[in-house]
>>> print(open('upload.tsv').read())   # TSV, N, CA and C atoms
chain	number	residue	atom	x	y	z
A	219	LEU	N	-15.77	2.14	-9.46
A	219	LEU	CA	-16.06	1.94	-8.05
A	219	LEU	C	-17.48	2.38	-7.74
A	220	ALA	N	-17.96	1.96	-6.60
A	220	ALA	CA	-19.31	2.33	-6.19
A	220	ALA	C	-19.47	3.84	-6.07
A	221	GLY	N	-18.38	4.53	-5.74
A	221	GLY	CA	-18.42	5.98	-5.61
A	221	GLY	C	-18.35	6.71	-6.94
A	222	GLY	N	-18.24	5.97	-8.02
A	222	GLY	CA	-18.21	6.57	-9.34
A	222	GLY	C	-16.83	6.93	-9.86
A	223	GLU	N	-15.78	6.59	-9.11
A	223	GLU	CA	-14.41	6.90	-9.55
A	223	GLU	C	-13.83	5.74	-10.35
A	224	THR	N	-12.93	6.09	-11.28
A	224	THR	CA	-12.25	5.07	-12.07
A	224	THR	C	-10.74	5.31	-12.01
A	225	PHE	N	-10.01	4.33	-11.48
A	225	PHE	CA	-8.55	4.37	-11.46
A	225	PHE	C	-8.05	3.55	-12.63
A	226	SER	N	-6.97	4.01	-13.26
A	226	SER	CA	-6.36	3.25	-14.35
A	226	SER	C	-4.87	3.54	-14.40
A	227	ALA	N	-4.14	2.63	-15.03
A	227	ALA	CA	-2.68	2.81	-15.18
A	227	ALA	C	-2.19	1.88	-16.27
A	228	GLU	N	-1.04	2.24	-16.80
A	228	GLU	CA	-0.38	1.41	-17.81
A	228	GLU	C	1.09	1.31	-17.41
A	229	ARG	N	1.61	0.08	-17.40
A	229	ARG	CA	3.01	-0.11	-17.01
A	229	ARG	C	3.93	0.73	-17.89
A	230	GLY	N	4.80	1.49	-17.23
A	230	GLY	CA	5.71	2.37	-17.95
A	230	GLY	C	5.08	3.70	-18.32
A	231	GLY	N	3.85	3.90	-17.90
A	231	GLY	CA	3.15	5.15	-18.20
A	231	GLY	C	2.81	5.89	-16.93
A	232	LYS	N	1.63	6.40	-16.88
A	232	LYS	CA	1.17	7.14	-15.70
A	232	LYS	C	-0.03	6.42	-15.10
A	233	ALA	N	-0.44	6.91	-13.93
A	233	ALA	CA	-1.66	6.43	-13.29
A	233	ALA	C	-2.68	7.56	-13.34
A	234	PHE	N	-3.95	7.17	-13.40
A	234	PHE	CA	-5.01	8.16	-13.58
A	234	PHE	C	-6.19	7.90	-12.65
A	235	LEU	N	-6.86	8.96	-12.30
A	235	LEU	CA	-8.14	8.91	-11.60
A	235	LEU	C	-9.11	9.71	-12.45
A	236	ASP	N	-10.13	9.02	-12.95
A	236	ASP	CA	-11.11	9.65	-13.85
A	236	ASP	C	-10.43	10.38	-15.00
A	237	GLY	N	-9.38	9.77	-15.54
A	237	GLY	CA	-8.70	10.31	-16.71
A	237	GLY	C	-7.66	11.38	-16.44
A	238	LYS	N	-7.51	11.78	-15.19
A	238	LYS	CA	-6.53	12.81	-14.85
A	238	LYS	C	-5.33	12.17	-14.15
A	239	PRO	N	-4.10	12.58	-14.52
A	239	PRO	CA	-2.91	12.00	-13.89
A	239	PRO	C	-2.90	12.19	-12.38
A	240	ILE	N	-2.41	11.18	-11.68
A	240	ILE	CA	-2.31	11.24	-10.21
A	240	ILE	C	-0.88	10.94	-9.78
A	241	THR	N	-0.54	11.39	-8.59
A	241	THR	CA	0.75	11.07	-7.98
A	241	THR	C	0.54	10.82	-6.49
A	242	VAL	N	1.50	10.13	-5.93
A	242	VAL	CA	1.47	9.83	-4.50
A	242	VAL	C	1.67	11.11	-3.69
A	243	SER	N	1.41	11.03	-2.40
A	243	SER	CA	1.60	12.18	-1.52
A	243	SER	C	3.09	12.49	-1.37
A	244	ALA	N	3.36	13.66	-0.86
A	244	ALA	CA	4.74	14.07	-0.57
A	244	ALA	C	5.03	13.98	0.93
A	245	THR	N	4.19	13.26	1.67
A	245	THR	CA	4.35	13.15	3.12
A	245	THR	C	5.67	12.46	3.45
A	246	THR	N	6.44	13.07	4.33
A	246	THR	CA	7.74	12.51	4.70
A	246	THR	C	7.78	12.02	6.14
A	247	ALA	N	6.91	12.53	6.99
A	247	ALA	CA	6.94	12.19	8.41
A	247	ALA	C	5.80	11.26	8.79
A	248	LEU	N	6.13	10.21	9.52
A	248	LEU	CA	5.09	9.29	9.99
A	248	LEU	C	4.05	10.02	10.82
A	249	GLU	N	4.48	11.01	11.58
A	249	GLU	CA	3.59	11.77	12.44
A	249	GLU	C	2.51	12.52	11.66
A	250	LYS	N	2.71	12.68	10.37
A	250	LYS	CA	1.73	13.37	9.52
A	250	LYS	C	1.06	12.41	8.54
A	251	SER	N	1.33	11.13	8.67
A	251	SER	CA	0.87	10.16	7.68
A	251	SER	C	-0.46	9.50	8.03
A	252	ALA	N	-1.10	8.99	7.00
A	252	ALA	CA	-2.29	8.16	7.14
A	252	ALA	C	-1.96	6.81	6.53
A	253	LEU	N	-2.08	5.75	7.32
A	253	LEU	CA	-1.75	4.40	6.86
A	253	LEU	C	-2.92	3.46	7.05
A	254	SER	N	-2.89	2.39	6.29
A	254	SER	CA	-3.85	1.30	6.45
A	254	SER	C	-3.05	0.06	6.84
A	255	LEU	N	-3.52	-0.66	7.84
A	255	LEU	CA	-2.79	-1.83	8.35
A	255	LEU	C	-3.75	-2.98	8.58
A	256	TYR	N	-3.38	-4.14	8.06
A	256	TYR	CA	-4.14	-5.36	8.30
A	256	TYR	C	-3.23	-6.41	8.90
A	257	GLY	N	-3.72	-7.08	9.90
A	257	GLY	CA	-2.96	-8.14	10.51
A	257	GLY	C	-3.90	-9.12	11.18
A	258	ARG	N	-3.48	-10.37	11.21
A	258	ARG	CA	-4.24	-11.40	11.88
A	258	ARG	C	-3.24	-12.34	12.52
A	259	LYS	N	-3.37	-12.52	13.79
A	259	LYS	CA	-2.48	-13.42	14.53
A	259	LYS	C	-1.01	-13.00	14.39
A	260	PHE	N	-0.77	-11.71	14.33
A	260	PHE	CA	0.62	-11.24	14.27
A	260	PHE	C	1.00	-10.69	15.64
A	261	ASP	N	2.25	-10.55	15.86
A	261	ASP	CA	2.76	-10.03	17.12
A	261	ASP	C	2.47	-8.54	17.21
A	262	PRO	N	1.60	-8.11	18.15
A	262	PRO	CA	1.27	-6.69	18.26
A	262	PRO	C	2.50	-5.82	18.50
A	263	GLY	N	3.52	-6.36	19.15
A	263	GLY	CA	4.73	-5.59	19.39
A	263	GLY	C	5.41	-5.17	18.11
A	264	ARG	N	5.16	-5.92	17.06
A	264	ARG	CA	5.78	-5.63	15.76
A	264	ARG	C	5.32	-4.28	15.20
A	265	VAL	N	4.10	-3.92	15.48
A	265	VAL	CA	3.58	-2.66	14.93
A	265	VAL	C	3.33	-1.60	15.99
A	266	LEU	N	3.53	-1.93	17.25
A	266	LEU	CA	3.27	-0.98	18.32
A	266	LEU	C	4.06	0.31	18.16
A	267	ASN	N	5.34	0.20	17.89
A	267	ASN	CA	6.18	1.38	17.72
A	267	ASN	C	5.72	2.22	16.54
A	268	LEU	N	5.40	1.57	15.44
A	268	LEU	CA	4.91	2.27	14.26
A	268	LEU	C	3.57	2.93	14.55
A	269	GLY	N	2.68	2.20	15.22
A	269	GLY	CA	1.35	2.71	15.51
A	269	GLY	C	1.34	3.98	16.34
A	270	GLN	N	2.31	4.12	17.19
A	270	GLN	CA	2.39	5.32	18.02
A	270	GLN	C	2.90	6.53	17.24
A	271	LYS	N	3.52	6.31	16.12
A	271	LYS	CA	4.07	7.40	15.31
A	271	LYS	C	3.09	7.94	14.27
A	272	VAL	N	2.19	7.10	13.80
A	272	VAL	CA	1.30	7.45	12.69
A	272	VAL	C	0.19	8.39	13.15
A	273	ARG	N	-0.12	9.36	12.31
A	273	ARG	CA	-1.16	10.34	12.64
A	273	ARG	C	-2.55	9.73	12.59
A	274	ARG	N	-2.82	8.91	11.54
A	274	ARG	CA	-4.18	8.41	11.35
A	274	ARG	C	-4.15	7.04	10.67
A	275	TRP	N	-5.03	6.16	11.13
A	275	TRP	CA	-5.20	4.83	10.53
A	275	TRP	C	-6.49	4.81	9.73
A	276	ARG	N	-6.46	4.18	8.58
A	276	ARG	CA	-7.64	3.99	7.74
A	276	ARG	C	-7.73	2.50	7.41
A	277	LEU	N	-8.90	1.93	7.52
A	277	LEU	CA	-9.11	0.53	7.16
A	277	LEU	C	-10.31	0.48	6.22
A	278	LEU	N	-10.05	0.32	4.94
A	278	LEU	CA	-11.11	0.36	3.94
A	278	LEU	C	-11.66	-1.02	3.61
A	279	GLY	N	-10.89	-2.06	3.84
A	279	GLY	CA	-11.35	-3.40	3.57
A	279	GLY	C	-11.25	-3.83	2.12
A	280	ALA	N	-10.49	-3.10	1.32
A	280	ALA	CA	-10.32	-3.44	-0.09
A	280	ALA	C	-8.88	-3.12	-0.48
A	281	SER	N	-8.05	-4.13	-0.57
A	281	SER	CA	-6.62	-3.94	-0.82
A	281	SER	C	-6.34	-3.14	-2.08
A	282	ALA	N	-6.99	-3.49	-3.18
A	282	ALA	CA	-6.74	-2.78	-4.43
A	282	ALA	C	-7.09	-1.30	-4.30
A	283	LEU	N	-8.19	-1.01	-3.62
A	283	LEU	CA	-8.59	0.39	-3.44
A	283	LEU	C	-7.58	1.13	-2.57
A	284	GLU	N	-7.10	0.50	-1.52
A	284	GLU	CA	-6.12	1.15	-0.66
A	284	GLU	C	-4.83	1.44	-1.42
A	285	LEU	N	-4.43	0.55	-2.30
A	285	LEU	CA	-3.25	0.79	-3.14
A	285	LEU	C	-3.50	1.97	-4.09
A	286	CYS	N	-4.70	2.04	-4.63
A	286	CYS	CA	-5.05	3.18	-5.49
A	286	CYS	C	-5.07	4.48	-4.70
A	287	TYR	N	-5.52	4.41	-3.45
A	287	TYR	CA	-5.54	5.60	-2.60
A	287	TYR	C	-4.13	6.09	-2.29
A	288	ILE	N	-3.16	5.19	-2.23
A	288	ILE	CA	-1.76	5.64	-2.13
A	288	ILE	C	-1.40	6.38	-3.41
A	289	GLY	N	-1.79	5.82	-4.53
A	289	GLY	CA	-1.47	6.41	-5.83
A	289	GLY	C	-1.98	7.82	-6.00
A	290	CYS	N	-3.14	8.13	-5.42
A	290	CYS	CA	-3.69	9.48	-5.58
A	290	CYS	C	-3.46	10.35	-4.36
A	291	GLY	N	-2.70	9.85	-3.37
A	291	GLY	CA	-2.32	10.66	-2.23
A	291	GLY	C	-3.32	10.74	-1.10
A	292	ARG	N	-4.37	9.93	-1.13
A	292	ARG	CA	-5.36	9.96	-0.05
A	292	ARG	C	-4.84	9.29	1.22
A	293	ILE	N	-4.01	8.27	1.06
A	293	ILE	CA	-3.29	7.69	2.18
A	293	ILE	C	-1.83	7.56	1.77
A	294	ASP	N	-0.98	7.35	2.75
A	294	ASP	CA	0.46	7.33	2.50
A	294	ASP	C	1.06	5.93	2.49
A	295	GLY	N	0.31	4.95	3.01
A	295	GLY	CA	0.84	3.60	3.04
A	295	GLY	C	-0.20	2.55	3.35
A	296	PHE	N	0.12	1.32	2.99
A	296	PHE	CA	-0.74	0.16	3.20
A	296	PHE	C	0.15	-1.00	3.63
A	297	ILE	N	-0.17	-1.61	4.75
A	297	ILE	CA	0.62	-2.72	5.27
A	297	ILE	C	-0.31	-3.90	5.50
A	298	ASP	N	0.00	-5.03	4.89
A	298	ASP	CA	-0.81	-6.24	5.09
A	298	ASP	C	0.10	-7.32	5.65
A	299	LEU	N	-0.09	-7.65	6.92
A	299	LEU	CA	0.74	-8.63	7.62
A	299	LEU	C	0.06	-9.99	7.74
A	300	ARG	N	-1.09	-10.17	7.12
A	300	ARG	CA	-1.86	-11.40	7.28
A	300	ARG	C	-1.25	-12.60	6.57
A	301	GLY	N	-0.51	-12.33	5.50
A	301	GLY	CA	0.03	-13.44	4.71
A	301	GLY	C	-1.01	-14.10	3.83
A	302	THR	N	-2.12	-13.41	3.61
A	302	THR	CA	-3.20	-13.97	2.80
A	302	THR	C	-3.51	-13.13	1.57
A	303	LEU	N	-2.76	-12.07	1.34
A	303	LEU	CA	-3.02	-11.19	0.20
A	303	LEU	C	-2.64	-11.91	-1.09
A	304	ARG	N	-3.60	-12.05	-1.99
A	304	ARG	CA	-3.37	-12.77	-3.24
A	304	ARG	C	-3.18	-11.80	-4.40
A	305	VAL	N	-2.54	-12.28	-5.42
A	305	VAL	CA	-2.28	-11.45	-6.60
A	305	VAL	C	-3.60	-10.94	-7.18
A	306	THR	N	-4.65	-11.74	-7.12
A	306	THR	CA	-5.94	-11.32	-7.67
A	306	THR	C	-6.54	-10.17	-6.88
A	307	ASP	N	-6.13	-10.00	-5.63
A	307	ASP	CA	-6.62	-8.91	-4.79
A	307	ASP	C	-5.82	-7.63	-4.96
A	308	ALA	N	-4.60	-7.75	-5.45
A	308	ALA	CA	-3.69	-6.61	-5.38
A	308	ALA	C	-3.10	-6.13	-6.70
A	309	ALA	N	-3.08	-6.94	-7.73
A	309	ALA	CA	-2.32	-6.61	-8.94
A	309	ALA	C	-2.70	-5.26	-9.55
A	310	ALA	N	-3.97	-5.01	-9.74
A	310	ALA	CA	-4.40	-3.75	-10.37
A	310	ALA	C	-4.01	-2.55	-9.51
A	311	GLY	N	-4.23	-2.66	-8.20
A	311	GLY	CA	-3.87	-1.57	-7.30
A	311	GLY	C	-2.37	-1.34	-7.23
A	312	MET	N	-1.60	-2.42	-7.30
A	312	MET	CA	-0.14	-2.30	-7.30
A	312	MET	C	0.33	-1.49	-8.50
A	313	LEU	N	-0.28	-1.74	-9.65
A	313	LEU	CA	0.11	-1.02	-10.86
A	313	LEU	C	-0.21	0.47	-10.72
A	314	VAL	N	-1.39	0.79	-10.24
A	314	VAL	CA	-1.75	2.20	-10.04
A	314	VAL	C	-0.78	2.86	-9.06
A	315	CYS	N	-0.52	2.19	-7.95
A	315	CYS	CA	0.37	2.73	-6.92
A	315	CYS	C	1.77	3.00	-7.47
A	316	THR	N	2.36	2.03	-8.13
A	316	THR	CA	3.74	2.19	-8.61
A	316	THR	C	3.84	3.18	-9.76
A	317	GLU	N	2.87	3.19	-10.65
A	317	GLU	CA	2.92	4.13	-11.77
A	317	GLU	C	2.68	5.56	-11.31
A	318	ALA	N	2.08	5.72	-10.13
A	318	ALA	CA	1.88	7.07	-9.57
A	318	ALA	C	3.07	7.51	-8.72
A	319	GLY	N	4.10	6.64	-8.62
A	319	GLY	CA	5.30	7.00	-7.88
A	319	GLY	C	5.49	6.28	-6.57
A	320	GLY	N	4.58	5.37	-6.22
A	320	GLY	CA	4.68	4.63	-4.97
A	320	GLY	C	5.62	3.45	-5.07
A	321	LYS	N	5.81	2.80	-3.93
A	321	LYS	CA	6.68	1.63	-3.86
A	321	LYS	C	5.92	0.49	-3.19
A	322	VAL	N	6.10	-0.72	-3.71
A	322	VAL	CA	5.47	-1.92	-3.17
A	322	VAL	C	6.56	-2.95	-2.94
A	323	SER	N	6.55	-3.59	-1.75
A	323	SER	CA	7.57	-4.60	-1.45
A	323	SER	C	7.02	-5.65	-0.50
A	324	ASP	N	7.88	-6.63	-0.20
A	324	ASP	CA	7.57	-7.57	0.87
A	324	ASP	C	8.00	-6.92	2.19
A	325	LEU	N	7.92	-7.65	3.27
A	325	LEU	CA	8.23	-7.07	4.58
A	325	LEU	C	9.71	-6.75	4.78
A	326	ASP	N	10.56	-7.30	3.91
A	326	ASP	CA	11.99	-7.02	3.99
A	326	ASP	C	12.41	-5.89	3.05
A	327	GLY	N	11.46	-5.32	2.34
A	327	GLY	CA	11.78	-4.24	1.41
A	327	GLY	C	12.18	-4.73	0.03
A	328	LYS	N	12.08	-6.05	-0.19
A	328	LYS	CA	12.43	-6.62	-1.50
A	328	LYS	C	11.20	-6.60	-2.41
A	329	PRO	N	11.42	-6.63	-3.72
A	329	PRO	CA	10.28	-6.63	-4.64
A	329	PRO	C	9.30	-7.76	-4.29
A	330	LEU	N	8.03	-7.44	-4.31
A	330	LEU	CA	7.01	-8.42	-3.99
A	330	LEU	C	6.73	-9.27	-5.21
A	331	VAL	N	6.93	-10.57	-5.07
A	331	VAL	CA	6.69	-11.51	-6.16
A	331	VAL	C	5.64	-12.50	-5.70
A	332	PHE	N	4.54	-12.55	-6.41
A	332	PHE	CA	3.49	-13.51	-6.08
A	332	PHE	C	3.77	-14.83	-6.78
A	333	PRO	N	3.44	-15.95	-6.14
A	333	PRO	CA	3.62	-17.26	-6.78
A	333	PRO	C	2.60	-17.45	-7.90
A	334	ASP	N	2.87	-18.41	-8.76
A	334	ASP	CA	1.95	-18.71	-9.86
A	334	ASP	C	0.61	-19.23	-9.34
A	335	GLU	N	0.64	-19.89	-8.20
A	335	GLU	CA	-0.59	-20.42	-7.60
A	335	GLU	C	-1.34	-19.28	-6.92
A	336	VAL	N	-2.51	-18.93	-7.46
A	336	VAL	CA	-3.22	-17.74	-6.98
A	336	VAL	C	-3.85	-17.91	-5.60
A	337	THR	N	-3.85	-19.10	-5.06
A	337	THR	CA	-4.44	-19.28	-3.73
A	337	THR	C	-3.44	-19.02	-2.61
A	338	ILE	N	-2.17	-18.84	-2.97
A	338	ILE	CA	-1.13	-18.59	-1.97
A	338	ILE	C	-1.01	-17.09	-1.73
A	339	GLY	N	-1.09	-16.70	-0.47
A	339	GLY	CA	-1.05	-15.28	-0.12
A	339	GLY	C	0.33	-14.82	0.32
A	340	LYS	N	0.49	-13.52	0.36
A	340	LYS	CA	1.75	-12.88	0.76
A	340	LYS	C	1.47	-11.73	1.72
A	341	CYS	N	2.52	-11.20	2.31
A	341	CYS	CA	2.47	-9.96	3.08
A	341	CYS	C	2.96	-8.83	2.17
A	342	MET	N	2.55	-7.60	2.47
A	342	MET	CA	2.91	-6.48	1.60
A	342	MET	C	3.10	-5.20	2.41
A	343	VAL	N	4.03	-4.39	1.92
A	343	VAL	CA	4.18	-3.01	2.38
A	343	VAL	C	4.15	-2.14	1.13
A	344	ALA	N	3.25	-1.18	1.10
A	344	ALA	CA	3.16	-0.25	-0.02
A	344	ALA	C	3.10	1.16	0.56
A	345	THR	N	3.86	2.07	-0.05
A	345	THR	CA	3.91	3.44	0.46
A	345	THR	C	4.04	4.44	-0.68
A	346	ASN	N	4.09	5.70	-0.29
A	346	ASN	CA	4.35	6.76	-1.26
A	346	ASN	C	5.80	6.74	-1.75
A	347	GLY	N	6.58	5.81	-1.25
A	347	GLY	CA	7.98	5.68	-1.64
A	347	GLY	C	8.92	6.44	-0.72
A	348	ILE	N	8.50	7.57	-0.26
A	348	ILE	CA	9.33	8.42	0.59
A	348	ILE	C	9.53	7.79	1.96
A	349	MET	N	8.47	7.22	2.50
A	349	MET	CA	8.51	6.68	3.86
A	349	MET	C	8.74	5.17	3.89
A	350	HIS	N	8.98	4.56	2.76
A	350	HIS	CA	9.04	3.10	2.68
A	350	HIS	C	10.09	2.50	3.61
A	351	ARG	N	11.28	2.99	3.49
A	351	ARG	CA	12.38	2.45	4.30
A	351	ARG	C	12.11	2.60	5.80
A	352	LYS	N	11.57	3.75	6.17
A	352	LYS	CA	11.26	4.03	7.57
A	352	LYS	C	10.22	3.04	8.11
A	353	ILE	N	9.19	2.77	7.32
A	353	ILE	CA	8.14	1.84	7.75
A	353	ILE	C	8.69	0.43	7.86
A	354	ILE	N	9.50	0.01	6.90
A	354	ILE	CA	10.12	-1.32	6.96
A	354	ILE	C	10.94	-1.45	8.24
A	355	GLU	N	11.69	-0.43	8.58
A	355	GLU	CA	12.51	-0.47	9.80
A	355	GLU	C	11.66	-0.62	11.05
A	356	TYR	N	10.53	0.07	11.11
A	356	TYR	CA	9.64	-0.04	12.27
A	356	TYR	C	9.03	-1.43	12.38
A	357	LEU	N	8.83	-2.10	11.26
A	357	LEU	CA	8.22	-3.43	11.27
A	357	LEU	C	9.20	-4.54	11.64
A	358	ARG	N	10.48	-4.25	11.65
A	358	ARG	CA	11.48	-5.29	11.95
A	358	ARG	C	11.52	-5.61	13.41
>>> encode(input="upload.tsv", output="structure tokens")
Amino acid sequence: LAGGETFSAERGGKAFLDGKPITVSATTALEKSALSLYGRKFDPGRVLNLGQKVRRWRLLGASALELCYIGCGRIDGFIDLRGTLRVTDAAAGMLVCTEAGGKVSDLDGKPLVFPDEVTIGKCMVATNGIMHRKIIEYLR
């Protein structure tokens, strides 16, 4: 990264930041959480309830980096409601996030599966795993 950090992970192994093992945060309460949220042309009411509960919002503009930040505990969740997130934008970050103990799903909480066509985007919810169900419920 431009900041000089290197995230890495291996499926079935651990996730690392600059060669040192990382894990997701232990944050359990939305009121103490930091989340990243992207949306375009979505119903604001869908996230209004969630937005009032979250302690802090972060918008970094790089999906893979935000997923890595979940993996090392810098943020607690990432929500992309745009429907434009492509596998090429997210795959590496998803691996770091999940191998560090996080959870990644679609908006219904089901495993996120990208289509073979890389131009087709999806929506995503990624968290430290602890708050995943709670965030999905707020988005319904």
>>> closest_residue(input="upload.tsv", among="A:Thr345, A:Thr245, A:Ser281, A:Thr316", to="Gly230 of chain A", atoms="all atoms listed in the file")
A:Thr316
>>> residues_near_point(input="upload.tsv", point="(-3.8, 6.6, -8.4)", cutoff="6.5 Å", atoms="all atoms listed in the file", output="mmCIF file with N, CA and C atoms, in the coordinates of the input")
data_model
loop_
_atom_site.group_PDB
_atom_site.id
_atom_site.type_symbol
_atom_site.label_atom_id
_atom_site.label_comp_id
_atom_site.auth_asym_id
_atom_site.auth_seq_id
_atom_site.Cartn_x
_atom_site.Cartn_y
_atom_site.Cartn_z
ATOM 1 N N PHE A 225 -10.010 4.330 -11.480
ATOM 2 C CA PHE A 225 -8.550 4.370 -11.460
ATOM 3 C C PHE A 225 -8.050 3.550 -12.630
ATOM 4 N N SER A 226 -6.970 4.010 -13.260
ATOM 5 C CA SER A 226 -6.360 3.250 -14.350
ATOM 6 C C SER A 226 -4.870 3.540 -14.400
ATOM 7 N N ALA A 233 -0.440 6.910 -13.930
ATOM 8 C CA ALA A 233 -1.660 6.430 -13.290
ATOM 9 C C ALA A 233 -2.680 7.560 -13.340
ATOM 10 N N PHE A 234 -3.950 7.170 -13.400
ATOM 11 C CA PHE A 234 -5.010 8.160 -13.580
ATOM 12 C C PHE A 234 -6.190 7.900 -12.650
ATOM 13 N N LEU A 235 -6.860 8.960 -12.300
ATOM 14 C CA LEU A 235 -8.140 8.910 -11.600
ATOM 15 C C LEU A 235 -9.110 9.710 -12.450
ATOM 16 N N ILE A 240 -2.410 11.180 -11.680
ATOM 17 C CA ILE A 240 -2.310 11.240 -10.210
ATOM 18 C C ILE A 240 -0.880 10.940 -9.780
ATOM 19 N N THR A 241 -0.540 11.390 -8.590
ATOM 20 C CA THR A 241 0.750 11.070 -7.980
ATOM 21 C C THR A 241 0.540 10.820 -6.490
ATOM 22 N N LEU A 285 -4.430 0.550 -2.300
ATOM 23 C CA LEU A 285 -3.250 0.790 -3.140
ATOM 24 C C LEU A 285 -3.500 1.970 -4.090
ATOM 25 N N CYS A 286 -4.700 2.040 -4.630
ATOM 26 C CA CYS A 286 -5.050 3.180 -5.490
ATOM 27 C C CYS A 286 -5.070 4.480 -4.700
ATOM 28 N N TYR A 287 -5.520 4.410 -3.450
ATOM 29 C CA TYR A 287 -5.540 5.600 -2.600
ATOM 30 C C TYR A 287 -4.130 6.090 -2.290
ATOM 31 N N ILE A 288 -3.160 5.190 -2.230
ATOM 32 C CA ILE A 288 -1.760 5.640 -2.130
ATOM 33 C C ILE A 288 -1.400 6.380 -3.410
ATOM 34 N N GLY A 289 -1.790 5.820 -4.530
ATOM 35 C CA GLY A 289 -1.470 6.410 -5.830
ATOM 36 C C GLY A 289 -1.980 7.820 -6.000
ATOM 37 N N CYS A 290 -3.140 8.130 -5.420
ATOM 38 C CA CYS A 290 -3.690 9.480 -5.580
ATOM 39 C C CYS A 290 -3.460 10.350 -4.360
ATOM 40 N N GLY A 291 -2.700 9.850 -3.370
ATOM 41 C CA GLY A 291 -2.320 10.660 -2.230
ATOM 42 C C GLY A 291 -3.320 10.740 -1.100
ATOM 43 N N VAL A 314 -1.390 0.790 -10.240
ATOM 44 C CA VAL A 314 -1.750 2.200 -10.040
ATOM 45 C C VAL A 314 -0.780 2.860 -9.060
ATOM 46 N N CYS A 315 -0.520 2.190 -7.950
ATOM 47 C CA CYS A 315 0.370 2.730 -6.920
ATOM 48 C C CYS A 315 1.770 3.000 -7.470
ATOM 49 N N ALA A 318 2.080 5.720 -10.130
ATOM 50 C CA ALA A 318 1.880 7.070 -9.570
ATOM 51 C C ALA A 318 3.070 7.510 -8.720
#
>>> closest_residue(input="upload.tsv", among="A:Ala280, A:Met312, A:Leu255, A:Lys250", to="Asp298 of chain A", atoms="all atoms listed in the file")
A:Leu255
>>> residues_around(input="upload.tsv", residues="segment 324-338 of chain A", least_positions_apart="4", cutoff="6 Å", atoms="all atoms listed in the file", output="VMD selection string")
chain A and resid 302 to 305 342 to 343 354
>>> write_last_selection(input="upload.tsv", atoms="N, CA and C atoms", output="PDB file, keeping the file's coordinate frame")
ATOM      1  N   THR A 302      -2.120 -13.410   3.610  1.00  0.00           N
ATOM      2  CA  THR A 302      -3.200 -13.970   2.800  1.00  0.00           C
ATOM      3  C   THR A 302      -3.510 -13.130   1.570  1.00  0.00           C
ATOM      4  N   LEU A 303      -2.760 -12.070   1.340  1.00  0.00           N
ATOM      5  CA  LEU A 303      -3.020 -11.190   0.200  1.00  0.00           C
ATOM      6  C   LEU A 303      -2.640 -11.910  -1.090  1.00  0.00           C
ATOM      7  N   ARG A 304      -3.600 -12.050  -1.990  1.00  0.00           N
ATOM      8  CA  ARG A 304      -3.370 -12.770  -3.240  1.00  0.00           C
ATOM      9  C   ARG A 304      -3.180 -11.800  -4.400  1.00  0.00           C
ATOM     10  N   VAL A 305      -2.540 -12.280  -5.420  1.00  0.00           N
ATOM     11  CA  VAL A 305      -2.280 -11.450  -6.600  1.00  0.00           C
ATOM     12  C   VAL A 305      -3.600 -10.940  -7.180  1.00  0.00           C
ATOM     13  N   MET A 342       2.550  -7.600   2.470  1.00  0.00           N
ATOM     14  CA  MET A 342       2.910  -6.480   1.600  1.00  0.00           C
ATOM     15  C   MET A 342       3.100  -5.200   2.410  1.00  0.00           C
ATOM     16  N   VAL A 343       4.030  -4.390   1.920  1.00  0.00           N
ATOM     17  CA  VAL A 343       4.180  -3.010   2.380  1.00  0.00           C
ATOM     18  C   VAL A 343       4.150  -2.140   1.130  1.00  0.00           C
ATOM     19  N   ILE A 354       9.500   0.010   6.900  1.00  0.00           N
ATOM     20  CA  ILE A 354      10.120  -1.320   6.960  1.00  0.00           C
ATOM     21  C   ILE A 354      10.940  -1.450   8.240  1.00  0.00           C
TER      22      ILE A 354
END
>>> select_by_dssp(input="upload.tsv", residues="segment 291-331 of chain A", states="alpha helix (DSSP H)", output="PyMOL selection string")
chain A and resi 305-317
>>> select_by_dssp(input="upload.tsv", residues="chain A", states="strand (DSSP E or B)", output="PyMOL selection string")
chain A and resi 225-227+233-235+238-240+252-256+274-275+295-303+321-323+329+340-345
>>> residues_near_point(input="upload.tsv", point="(-11.0, 2.2, 5.1)", cutoff="12 Å", atoms="only C-alpha atoms", output="PyMOL selection string")
chain A and resi 252-256+274-285+287+292-293+296
>>> closest_residue(input="upload.tsv", among="A:Gly301, A:Gly295, A:Glu355, A:Gly339", to="Ala244 of chain A", atoms="only C-alpha atoms")
A:Gly295
>>> atom_distance(input="upload.tsv", atom1="atom CA of Arg351 of chain A", atom2="atom N of Lys238 of chain A")
29.4 Å
